[in-house]
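Have a look at the structure below, then the notes.
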Amino acid sequence: MNPRLIRVAIVAIGILVVSSASYFLNDLNTQINTQRYAMDNLREQAAGLSATIASIHAGQFAYVARGQNEGFWMSHVAGLKPVVEKQAADFAASLTSPAAQNAFETTTAALENLKTLDSRAKEFVQGGTSLLAGDMIFSDGLEQTTTASTQLMTALNEELRARHGTTAGLLSRQVAIAGVAAGTMIVLLIALVVSSSVQAQAPEPEVAAVPPIDPVRFETPLPRAKPAVTPKLITTAHLCGELARVADSSELPTLLMRASKVLDASGIIVWVAEPARNCLRPAISHGYEDKVISRMGNIHRDANNAAAAAYRSAEIRTVAGDAITNGALVVPLMTSDGCVGVLSAEMKGGGEKDESSQALATIFAAQLAMLVSTPSNPGVSAAFSVHSEPAPLKAAAQG
């Protein structure tokens, strides 16, 4: 067979392999993102349902409390009943694991018992027997509330465990597809090199009467494949370039917001050390309200938390999240004078454990450290000054 046709066929097969692998990898990535979104939604639903159950039981306590208007609290609890029923129905519809569904059936039964108990307690209170109503609320009511909340968390954990298993399976399929595609491309490249060598070694036919016509040759080898560059890395490069060109503190909120999207963080705070370096103060942030930042206050370097530990050790520190709360990633701001502050990011979905997220956060911290330590730009340095007015912080928090 003509070596040229062989090379064309090899290139066509390579294009087909790359296209197919890209399609399947993109489809699997969509499924993984769907699972992660579903898990975040489940956590929010569970938190809302748990809060409503607690509100109902608190309202029942007020039935028999001295000085309380039982009519108001009875109306309040009656208004919460349809809310808790809808929240329970929505949460049950989101469950796919049999173990989670079985656990939530106990929660549903406890809520029904709590509803029946509430009706009887109202009858006792309206009949003037508040003592019997109080005994029922503080014994059976507390037991049913505890059972409902406990089984709700059990159902949530079982469902999250099942969905984590599904996500791990999808990731394994991604790795397998990428490995098969890479192996196939290596084989095709070897075949392409071999076919080129065979043609180069083949003798030219001798024709006496007619001058030989040089055939078309593929003398220039195909370019070597470049390693893949992830979209996050490209975005990080552009963002660092913009941070290096910051001329005014008003540009920082938008850049911090973009950094939080790259890290998949719900909030970011840049803590800067005071001149004596015994205390960290929040200089600029994104994702938090002003009152939240005010309540945080300053952090002493000897405090028992991740921010102080990262500042003292000049090393990355993480705080693990759980089914309800997010985790945290704290990266030191390092300069030639040592550690001048830390960058703390509130991470979602266990992102604080991801090595790529830690690497990207370290890149952002290095760029921000240059802004903190460079006095040549007063407009930017003011945003990080521990003696400045809180206007830059307020602008960043609203960003």
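If you're wondering about the labels, chains in the structure tokens are A, B, ... by order shown, residues count from 1 in each chain, ligands from 1 in order shown.
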Secondary structure check, alpha helix (DSSP H) residues of range 272-382 of chain A, as a PyMOL selection string: chain A and resi 290-296+306-313+355-373+378-382
Can you pull out every residue within 10 Å of Thr108 in chain A, counting only C-alpha atoms, but drop anything in the same chain fewer than 3 positions away, and send it as a PDB file with N, CA and C atoms, in the first residue's frame?
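Okay, this is what ended up in part19.pdb:
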ATOM      1  N   GLU A  85     -43.974  20.414  55.688  1.00  0.00           N
ATOM      2  CA  GLU A  85     -44.433  19.334  54.818  1.00  0.00           C
ATOM      3  C   GLU A  85     -43.845  19.466  53.419  1.00  0.00           C
ATOM      4  N   ALA A  88     -40.085  18.662  53.549  1.00  0.00           N
ATOM      5  CA  ALA A  88     -39.866  17.219  53.657  1.00  0.00           C
ATOM      6  C   ALA A  88     -40.135  16.523  52.337  1.00  0.00           C
ATOM      7  N   ALA A  89     -41.186  16.953  51.619  1.00  0.00           N
ATOM      8  CA  ALA A  89     -41.501  16.339  50.329  1.00  0.00           C
ATOM      9  C   ALA A  89     -40.395  16.612  49.306  1.00  0.00           C
ATOM     10  N   ALA A  92     -37.334  14.496  50.220  1.00  0.00           N
ATOM     11  CA  ALA A  92     -37.548  13.082  49.896  1.00  0.00           C
ATOM     12  C   ALA A  92     -37.443  12.841  48.397  1.00  0.00           C
ATOM     13  N   ALA A 103     -33.980   5.820  55.911  1.00  0.00           N
ATOM     14  CA  ALA A 103     -33.742   6.661  57.086  1.00  0.00           C
ATOM     15  C   ALA A 103     -34.726   7.829  57.134  1.00  0.00           C
ATOM     16  N   PHE A 104     -35.049   8.380  55.969  1.00  0.00           N
ATOM     17  CA  PHE A 104     -35.944   9.540  55.963  1.00  0.00           C
ATOM     18  C   PHE A 104     -37.390   9.146  56.222  1.00  0.00           C
ATOM     19  N   GLU A 105     -37.735   7.881  55.983  1.00  0.00           N
ATOM     20  CA  GLU A 105     -39.080   7.421  56.329  1.00  0.00           C
ATOM     21  C   GLU A 105     -39.320   7.574  57.841  1.00  0.00           C
ATOM     22  N   LEU A 111     -42.378  13.338  62.068  1.00  0.00           N
ATOM     23  CA  LEU A 111     -43.067  14.598  61.794  1.00  0.00           C
ATOM     24  C   LEU A 111     -44.580  14.435  61.886  1.00  0.00           C
ATOM     25  N   GLU A 112     -45.092  13.293  61.421  1.00  0.00           N
ATOM     26  CA  GLU A 112     -46.524  13.030  61.545  1.00  0.00           C
ATOM     27  C   GLU A 112     -46.936  12.921  63.016  1.00  0.00           C
ATOM     28  N   ASN A 113     -46.109  12.229  63.805  1.00  0.00           N
ATOM     29  CA  ASN A 113     -46.391  12.122  65.242  1.00  0.00           C
ATOM     30  C   ASN A 113     -46.355  13.498  65.911  1.00  0.00           C
ATOM     31  N   LEU A 114     -45.396  14.329  65.469  1.00  0.00           N
ATOM     32  CA  LEU A 114     -45.282  15.672  66.030  1.00  0.00           C
ATOM     33  C   LEU A 114     -46.507  16.512  65.682  1.00  0.00           C
ATOM     34  N   THR A 147     -35.778  12.685  67.160  1.00  0.00           N
ATOM     35  CA  THR A 147     -35.771  11.588  66.182  1.00  0.00           C
ATOM     36  C   THR A 147     -35.802  12.127  64.756  1.00  0.00           C
ATOM     37  N   ALA A 148     -36.665  13.117  64.511  1.00  0.00           N
ATOM     38  CA  ALA A 148     -36.775  13.678  63.164  1.00  0.00           C
ATOM     39  C   ALA A 148     -35.453  14.311  62.716  1.00  0.00           C
ATOM     40  N   GLN A 151     -32.597  11.467  62.261  1.00  0.00           N
ATOM     41  CA  GLN A 151     -32.787  10.655  61.060  1.00  0.00           C
ATOM     42  C   GLN A 151     -32.638  11.483  59.790  1.00  0.00           C
ATOM     43  N   LEU A 152     -32.963  12.775  59.869  1.00  0.00           N
ATOM     44  CA  LEU A 152     -32.738  13.659  58.725  1.00  0.00           C
ATOM     45  C   LEU A 152     -31.255  13.720  58.376  1.00  0.00           C
TER      46      LEU A 152
END
Shell of 12 Å around Val342 in chain A, only C-alpha atoms, local chain residues under 2 positions omitted, as a ChimeraX atom specification: /A:268-273,279-285,299,301,306-317,329-335,338-340,344-345,361-362,364-366,368-369,372,384
Polymer residues at most 7 Å from range 232-246 of chain A, only C-alpha atoms, same-chain spacing of 3 or more positions, as a VMD selection string: chain A and resid 229 251 262 364 367
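For the pair CA of Arg43 in chain A and CA of Lys81 in chain A, the interatomic distance is 21.0 Å.
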Thr150 in chain A environment, 12 Å, only C-alpha atoms, sequence neighbours closer than 6 positions dropped, as a ChimeraX atom specification: /A:46,49-50,53,103-104,106-108,110,143-144,156-157
Range 179-193 of chain A environment, 9 Å, only C-alpha atoms, sequence neighbours closer than 2 positions dropped, as a ChimeraX atom specification: /A:6-7,10-11,13-14,17-18,20-21,174-177,195-198,221
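Between Thr167 in chain A and the candidates A:Ser294, A:Ser336, A:Ser260, A:Thr30, the tightest atom-to-atom separation, counting only C-alpha atoms, involves A:Thr30.
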In range 164-360 of chain A, DSSP strand (DSSP E or B) residues written as a ChimeraX atom specification: /A:265-273,279-286,299-300,317-319,327-335,338-347
Selected residues written out, C-alpha atoms, as a CSV table (one decimal), in the first residue's frame:
chain,number,residue,atom,x,y,z
A,265,ALA,CA,-14.8,29.6,46.8
A,266,SER,CA,-17.9,31.3,48.4
A,267,GLY,CA,-15.7,34.0,50.0
A,268,ILE,CA,-12.2,35.4,50.2
A,269,ILE,CA,-10.5,37.6,52.8
A,270,VAL,CA,-7.0,39.1,52.6
A,271,TRP,CA,-5.6,39.5,56.1
A,272,VAL,CA,-2.6,41.8,56.5
A,273,ALA,CA,-0.2,42.0,59.5
A,279,CYS,CA,-2.0,40.8,64.8
A,280,LEU,CA,-3.8,40.2,61.5
A,281,ARG,CA,-6.5,42.6,60.2
A,282,PRO,CA,-9.0,42.0,57.4
A,283,ALA,CA,-7.8,44.4,54.6
A,284,ILE,CA,-10.1,43.5,51.7
A,285,SER,CA,-12.6,40.7,51.0
A,286,HIS,CA,-15.2,39.3,48.7
A,299,ILE,CA,-6.7,37.8,64.8
A,300,HIS,CA,-3.7,37.6,67.1
A,317,ARG,CA,-3.4,25.4,56.4
A,318,THR,CA,-6.8,23.8,55.7
A,319,VAL,CA,-10.0,23.4,57.7
A,327,GLY,CA,-14.2,24.0,54.5
A,328,ALA,CA,-11.4,26.6,54.4
A,329,LEU,CA,-8.0,27.1,52.7
A,330,VAL,CA,-5.5,29.5,54.2
A,331,VAL,CA,-2.3,30.5,52.3
A,332,PRO,CA,0.5,32.8,53.6
A,333,LEU,CA,1.4,36.0,51.8
A,334,MET,CA,5.2,35.6,51.5
A,335,THR,CA,7.7,38.4,50.6
A,338,GLY,CA,8.8,37.1,55.5
A,339,CYS,CA,5.1,36.5,55.9
A,340,VAL,CA,3.1,39.7,55.7
A,341,GLY,CA,-0.4,38.2,55.9
A,342,VAL,CA,-2.6,35.4,54.8
A,343,LEU,CA,-5.3,34.7,52.1
A,344,SER,CA,-8.2,32.8,53.4
A,345,ALA,CA,-10.8,31.2,51.1
A,346,GLU,CA,-14.1,29.5,52.1
A,347,MET,CA,-14.2,26.4,49.9
Within 12 Å of Gly79 in chain A using only C-alpha atoms, minus same-chain residues under 5 positions, as an MDAnalysis selection string: chainID A and resid 52 55:56 59 72:74 84:85
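Interatomic distance, CA of Asn326 in chain A to CA of Gly351 in chain A: 9.1 Å.
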